[in-house]
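Chemist: To be precise about what I am sending: the file is called model_27.txt and holds compact mmCIF, C-alpha atoms.
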# COMPACT_ATOMS: atom_id res chain seq x y z
CA MET F 1479 -19.25 -24.88 -17.33
CA GLY F 1480 -22.10 -24.20 -14.91
CA GLN F 1481 -20.44 -26.53 -12.41
CA GLU F 1482 -17.17 -24.62 -12.70
CA GLU F 1483 -18.91 -21.35 -11.92
CA SER F 1484 -20.64 -22.92 -8.93
CA HIS F 1485 -17.30 -24.29 -7.67
CA ASN F 1486 -15.69 -20.85 -8.03
CA GLU F 1487 -18.51 -19.27 -6.03
CA GLU F 1488 -17.97 -21.87 -3.31
CA MET F 1489 -14.28 -21.01 -3.29
CA ASP F 1490 -15.15 -17.36 -2.88
CA LEU F 1491 -17.48 -18.18 0.00
CA ALA F 1492 -14.81 -20.33 1.66
CA GLN F 1493 -12.30 -17.50 1.33
CA ILE F 1494 -14.80 -15.02 2.76
CA GLN F 1495 -15.45 -17.38 5.68
CA GLU F 1496 -11.70 -17.72 6.28
CA LEU F 1497 -11.28 -13.95 6.33
CA CYS F 1498 -14.21 -13.63 8.73
CA ILE F 1499 -12.56 -16.14 11.07
CA ILE F 1500 -9.37 -14.09 10.90
CA PHE F 1501 -11.43 -10.98 11.72
CA MET F 1502 -12.92 -12.62 14.80
CA LYS F 1503 -9.49 -13.86 15.97
CA GLU F 1504 -7.73 -10.55 15.36
CA CYS F 1505 -10.57 -8.28 16.49
CA PRO F 1506 -12.51 -9.85 19.34
CA SER F 1507 -13.71 -6.33 20.21
CA GLY F 1508 -15.47 -6.19 16.84
CA ALA F 1509 -13.44 -3.20 15.60
CA LEU F 1510 -10.68 -3.48 13.00
CA HIS F 1511 -8.16 -0.64 12.99
CA LEU F 1512 -6.02 0.42 10.04
CA HIS F 1513 -2.80 -1.12 11.39
CA GLU F 1514 -4.59 -4.46 11.87
CA PHE F 1515 -6.12 -4.20 8.38
CA LYS F 1516 -2.64 -3.69 6.91
CA ARG F 1517 -1.27 -6.67 8.86
CA ILE F 1518 -4.12 -8.96 7.76
CA PHE F 1519 -3.52 -8.10 4.11
CA GLY F 1520 0.25 -8.34 4.37
CA VAL F 1521 1.09 -4.74 3.50
CA PRO F 1522 4.76 -4.13 4.27
CA SER F 1523 5.47 -0.93 6.16
CA SER F 1524 8.32 -0.29 3.72
CA SER F 1525 5.96 0.15 0.77
CA ALA F 1526 4.60 3.70 0.82
CA GLU F 1527 2.46 3.14 -2.30
CA GLU F 1528 0.83 -0.05 -1.04
CA SER F 1529 0.36 1.52 2.38
CA LEU F 1530 -1.36 4.59 0.91
CA TYR F 1531 -3.50 2.38 -1.32
CA ILE F 1532 -4.65 0.15 1.55
CA GLU F 1533 -5.40 3.25 3.66
CA THR F 1534 -7.59 4.55 0.83
CA VAL F 1535 -9.30 1.14 0.59
CA PHE F 1536 -9.80 1.06 4.37
CA ASN F 1537 -11.27 4.57 4.44
CA SER F 1538 -13.64 3.77 1.57
CA PHE F 1539 -15.12 0.90 3.59
CA ASP F 1540 -15.32 2.84 6.86
CA THR F 1541 -18.86 3.98 6.07
CA ASN F 1542 -19.57 5.54 9.47
CA LYS F 1543 -16.15 7.30 9.49
CA ASP F 1544 -15.22 6.11 13.01
CA HIS F 1545 -11.69 5.09 11.86
CA THR F 1546 -12.45 1.39 12.38
CA LEU F 1547 -14.21 -1.32 10.40
CA ASP F 1548 -16.88 -3.16 12.29
CA PHE F 1549 -17.82 -6.69 11.26
CA LEU F 1550 -20.58 -5.57 8.85
CA GLU F 1551 -18.31 -3.05 7.11
CA TYR F 1552 -15.63 -5.75 6.82
CA VAL F 1553 -18.02 -8.34 5.35
CA ALA F 1554 -19.46 -5.76 2.92
CA ALA F 1555 -15.91 -4.92 1.82
CA LEU F 1556 -15.02 -8.57 1.26
CA HIS F 1557 -18.20 -9.21 -0.67
CA LEU F 1558 -17.56 -6.24 -2.95
CA ILE F 1559 -13.90 -7.10 -3.54
CA LEU F 1560 -14.42 -10.82 -4.09
CA ARG F 1561 -17.87 -11.02 -5.65
CA GLY F 1562 -19.12 -7.53 -6.53
CA ASN F 1563 -20.52 -6.81 -9.99
CA LEU F 1564 -18.94 -4.26 -12.32
CA GLU F 1565 -21.39 -1.46 -11.50
CA ASP F 1566 -20.86 -1.82 -7.75
CA ARG F 1567 -17.09 -1.97 -8.18
CA LEU F 1568 -17.15 1.18 -10.33
CA LYS F 1569 -19.24 3.00 -7.70
CA TRP F 1570 -16.71 1.90 -5.08
CA SER F 1571 -13.83 3.08 -7.29
CA PHE F 1572 -15.56 6.46 -7.67
CA LYS F 1573 -15.85 6.68 -3.89
CA MET F 1574 -12.12 5.90 -3.55
CA TYR F 1575 -11.26 8.68 -6.00
CA ASP F 1576 -13.67 11.16 -4.36
CA LYS F 1577 -11.50 12.04 -1.37
CA ASP F 1578 -13.56 15.05 -0.26
CA GLY F 1579 -16.85 13.15 -0.67
CA ASN F 1580 -18.60 15.89 -2.68
CA GLY F 1581 -19.82 13.51 -5.39
CA LYS F 1582 -17.53 14.96 -8.07
CA LEU F 1583 -13.93 14.24 -9.01
CA ASP F 1584 -11.51 17.04 -9.68
CA ARG F 1585 -8.09 16.66 -11.30
CA GLN F 1586 -6.29 16.61 -7.95
CA GLU F 1587 -8.37 13.67 -6.69
CA VAL F 1588 -7.88 11.71 -9.90
CA LYS F 1589 -4.13 12.42 -10.01
CA ARG F 1590 -3.74 11.29 -6.39
CA ILE F 1591 -5.12 7.82 -7.12
CA ILE F 1592 -3.41 7.59 -10.52
CA ARG F 1593 -0.03 8.27 -8.85
CA ILE F 1594 -0.63 5.43 -6.39
CA ILE F 1595 -1.82 3.03 -9.09
CA TYR F 1596 1.01 4.11 -11.38
CA LYS F 1597 3.60 3.15 -8.77
CA ILE F 1598 1.96 -0.18 -7.90
CA LYS F 1599 0.65 -1.33 -11.28
CA PHE F 1600 3.08 0.18 -13.76
CA GLN F 1601 6.29 -0.06 -11.73
CA ALA F 1602 7.81 -2.75 -13.94
CA ALA F 1603 5.83 -1.97 -17.10
CA ASP F 1604 7.01 0.25 -19.88
CA VAL F 1605 4.45 3.05 -19.69
CA SER F 1606 4.88 6.04 -21.96
CA MET F 1607 2.46 8.36 -20.10
CA THR F 1608 3.03 10.20 -16.84
CA PRO F 1609 0.33 10.27 -14.14
CA SER F 1610 -0.53 13.85 -15.22
CA GLU F 1611 -0.91 12.76 -18.85
CA ILE F 1612 -3.08 9.82 -17.79
CA CYS F 1613 -5.25 12.20 -15.73
CA ASP F 1614 -5.58 14.60 -18.68
CA ARG F 1615 -6.61 11.78 -20.99
CA ILE F 1616 -9.20 10.52 -18.51
CA PHE F 1617 -10.72 14.01 -18.30
CA GLU F 1618 -10.73 14.35 -22.12
CA LEU F 1619 -12.59 11.05 -22.48
CA VAL F 1620 -14.89 11.17 -19.45
CA ASP F 1621 -15.67 14.82 -18.54
CA LYS F 1622 -18.46 15.21 -21.13
CA ASN F 1623 -19.54 18.75 -20.18
CA ASN F 1624 -15.92 19.95 -19.80
CA ASP F 1625 -16.55 21.54 -16.39
CA GLY F 1626 -13.31 20.18 -14.91
CA GLN F 1627 -15.16 17.68 -12.71
CA ILE F 1628 -16.32 14.12 -13.26
CA THR F 1629 -19.71 13.13 -11.85
CA LEU F 1630 -20.63 9.55 -10.95
CA SER F 1631 -22.71 9.22 -14.13
CA GLU F 1632 -19.84 10.52 -16.31
CA PHE F 1633 -17.49 8.14 -14.47
CA MET F 1634 -19.76 5.12 -15.03
CA GLU F 1635 -20.51 5.98 -18.65
CA GLY F 1636 -16.89 6.77 -19.50
CA ALA F 1637 -15.60 3.57 -17.93
CA GLN F 1638 -18.11 1.42 -19.78
CA LYS F 1639 -17.44 3.04 -23.18
CA ASP F 1640 -13.64 2.90 -23.26
CA GLU F 1641 -11.57 -0.15 -22.24
CA TRP F 1642 -8.47 1.93 -21.45
CA VAL F 1643 -10.51 4.19 -19.16
CA MET F 1644 -12.22 1.15 -17.61
CA ASN F 1645 -8.90 -0.44 -16.73
CA LEU F 1646 -7.78 2.71 -14.92
CA LEU F 1647 -11.03 3.80 -13.32
CA LYS F 1648 -12.07 0.48 -11.85
CA LEU F 1649 -8.89 0.51 -9.74
CA ASP F 1650 -7.97 -3.00 -10.77
CA VAL F 1651 -4.60 -3.42 -9.17
CA ASN F 1652 -5.72 -6.97 -8.48
CA VAL F 1653 -7.31 -6.34 -5.09
CA THR F 1654 -9.09 -9.70 -5.38
CA GLY F 1655 -5.80 -11.49 -5.98
CA TRP F 1656 -4.23 -9.57 -3.12
CA VAL F 1657 -7.04 -10.61 -0.75
CA ILE F 1658 -6.90 -14.25 -1.85
CA GLN F 1659 -3.10 -14.39 -1.67
CA ASN F 1660 -2.95 -12.84 1.80
CA CYS F 1661 -6.01 -14.33 3.49
CA GLY F 1662 -4.06 -17.33 4.81
CA LYS F 1663 -0.93 -15.51 5.99
CA LEU F 1664 -1.90 -15.32 9.64
CA PRO F 1665 -1.55 -18.39 11.88
Now, as a test, write the supplied structure out as structure tokens.

Modeler:
Amino acid sequence: MGQEESHNEEMDLAQIQELCIIFMKECPSGALHLHEFKRIFGVPSSSAEESLYIETVFNSFDTNKDHTLDFLEYVAALHLILRGNLEDRLKWSFKMYDKDGNGKLDRQEVKRIIRIIYKIKFQAADVSMTPSEICDRIFELVDKNNDGQITLSEFMEGAQKDEWVMNLLKLDVNVTGWVIQNCGKLP
């Protein structure tokens, strides 16, 4: 089994290297813009939900907020998506939810991401809850002090205590699969 894990890590490294080569080919200037990011990951312009999701992903990795990803931001993003541990992925998810960057999530921020995920992840599934009901349930389970906001510690604790919450909060709409599937699309 140890050999299998080692082989999988090598596959991840090979995929990261392939994506880095694509970055260098597509962005010789060293700056990746949103439209290029969408093209690399095969996001169709006809899909509003996927487009909004990838914009949110892009903005979460644009750490210096210059509306581009430099090579280091790009590599950090790939490492997190492909090989990041649960805690780091949860912190990243929190950052994606926290649109205003104040370190707390309000209902509007949570609903915004839930709506996107709902349309991508639950499109074909039979889901009995609306995005508003999902948001309400998350707040019931995670907002421990009932102040109408979720802090990073509440987010982390809530996600790790409840599998249903974890599946929603960690933003697992198979970003890793999406990256792997689309990394070889460009010539």

Chemist: Choose the residue, out of F:Leu1510, F:Ile1594, F:Ile1612, F:Ile1628, that has the smallest atom-to-atom separation from Tyr1552 in chain F; count all atoms listed in the file.

Modeler: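 Of F:Leu1510, F:Ile1594, F:Ile1612, F:Ile1628, the one nearest Tyr1552 in chain F is F:Leu1510, counting all atoms listed in the file.
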
Chemist: What does the distance from CA of Asn1537 in chain F to CA of Leu1512 in chain F come to in Å, to one decimal?

Modeler: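 Spanning CA of Asn1537 in chain F to CA of Leu1512 in chain F is a straight-line distance of 8.7 Å.
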
Chemist: With a cut-off of 9 Å, could you pull out the residues of range 1492-1571 of chain F touching range 1575-1578 of chain F and give me the nearest pair of atoms for each, distance in Å to one decimal, using only C-alpha atoms, ordered by chain and ascending number, as JSON lines?

Modeler:
{"residue": "F:Thr1534", "atom": "CA", "partner": "F:Lys1577", "partner_atom": "CA", "distance": 8.7}
{"residue": "F:Trp1570", "atom": "CA", "partner": "F:Tyr1575", "partner_atom": "CA", "distance": 8.7}
{"residue": "F:Ser1571", "atom": "CA", "partner": "F:Tyr1575", "partner_atom": "CA", "distance": 6.3}

Chemist: Which distance in Å separates CA of Gly1562 in chain F and CA of Asp1544 in chain F, to one decimal?

Modeler: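 The value is 24.1 Å.
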
Chemist: Enclose all atoms of range 1615-1624 of chain F listed in the file in an axis-aligned box, grow every side by 4 Å, and hand back centre and edge lengths in Å to one decimal, as JSON.

Modeler:
{"center_x": -13.1, "center_y": 15.2, "center_z": -20.4, "size_x": 20.9, "size_y": 17.4, "size_z": 12.2}

Chemist: Quick one: residues within 9 Å of Val1643 in chain F, all atoms listed in the file, excluding same-chain residues fewer than 4 positions away - as a PyMOL selection string?

Modeler: chain F and resi 1615-1616+1619-1620+1636-1639+1647-1648

Chemist: Rounded to one decimal, what separation in Å do you get between CA of Lys1589 in chain F and CA of Ser1610 in chain F?

Modeler: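 Going from CA of Lys1589 in chain F over to CA of Ser1610 in chain F covers 6.5 Å.
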
Chemist: Would you kindly return, as a list in words, each protein, DNA or RNA residue with an atom no farther than 12 Å from any atom of Gly1579 in chain F, considering all atoms listed in the file and excluding same-chain residues fewer than 5 positions away?

Modeler: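 The neighbour list is Asn1537, Ser1538, Thr1541, Lys1543, Phe1572, Lys1573, Met1574, Asp1584, Glu1587, Thr1629 and Leu1630 of chain F.
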
Chemist: Store the residues picked out above, limited to C-alpha atoms, as a PDB file, in the coordinates of the input.

Modeler:
ATOM      1  CA  ASN F1537     -11.270   4.570   4.440  1.00  0.00           C
ATOM      2  CA  SER F1538     -13.640   3.770   1.570  1.00  0.00           C
ATOM      3  CA  THR F1541     -18.860   3.980   6.070  1.00  0.00           C
ATOM      4  CA  LYS F1543     -16.150   7.300   9.490  1.00  0.00           C
ATOM      5  CA  PHE F1572     -15.560   6.460  -7.670  1.00  0.00           C
ATOM      6  CA  LYS F1573     -15.850   6.680  -3.890  1.00  0.00           C
ATOM      7  CA  MET F1574     -12.120   5.900  -3.550  1.00  0.00           C
ATOM      8  CA  ASP F1584     -11.510  17.040  -9.680  1.00  0.00           C
ATOM      9  CA  GLU F1587      -8.370  13.670  -6.690  1.00  0.00           C
ATOM     10  CA  THR F1629     -19.710  13.130 -11.850  1.00  0.00           C
ATOM     11  CA  LEU F1630     -20.630   9.550 -10.950  1.00  0.00           C
TER      12      LEU F1630
END

Chemist: Choose the residue, out of F:Val1521, F:Met1502, F:Met1644, F:Val1535, that has the smallest atom-to-atom separation from Leu1564 in chain F; count all atoms listed in the file.

Modeler: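 Using all atoms listed in the file, Leu1564 in chain F sits closest to F:Met1644.
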
Chemist: Pick the closest to Ser1631 in chain F from F:Met1607, F:Leu1583, F:Ala1509, F:Ile1591: which is it, counting all atoms listed in the file?

Modeler: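 Closest residue, counting all atoms listed in the file: F:Leu1583.
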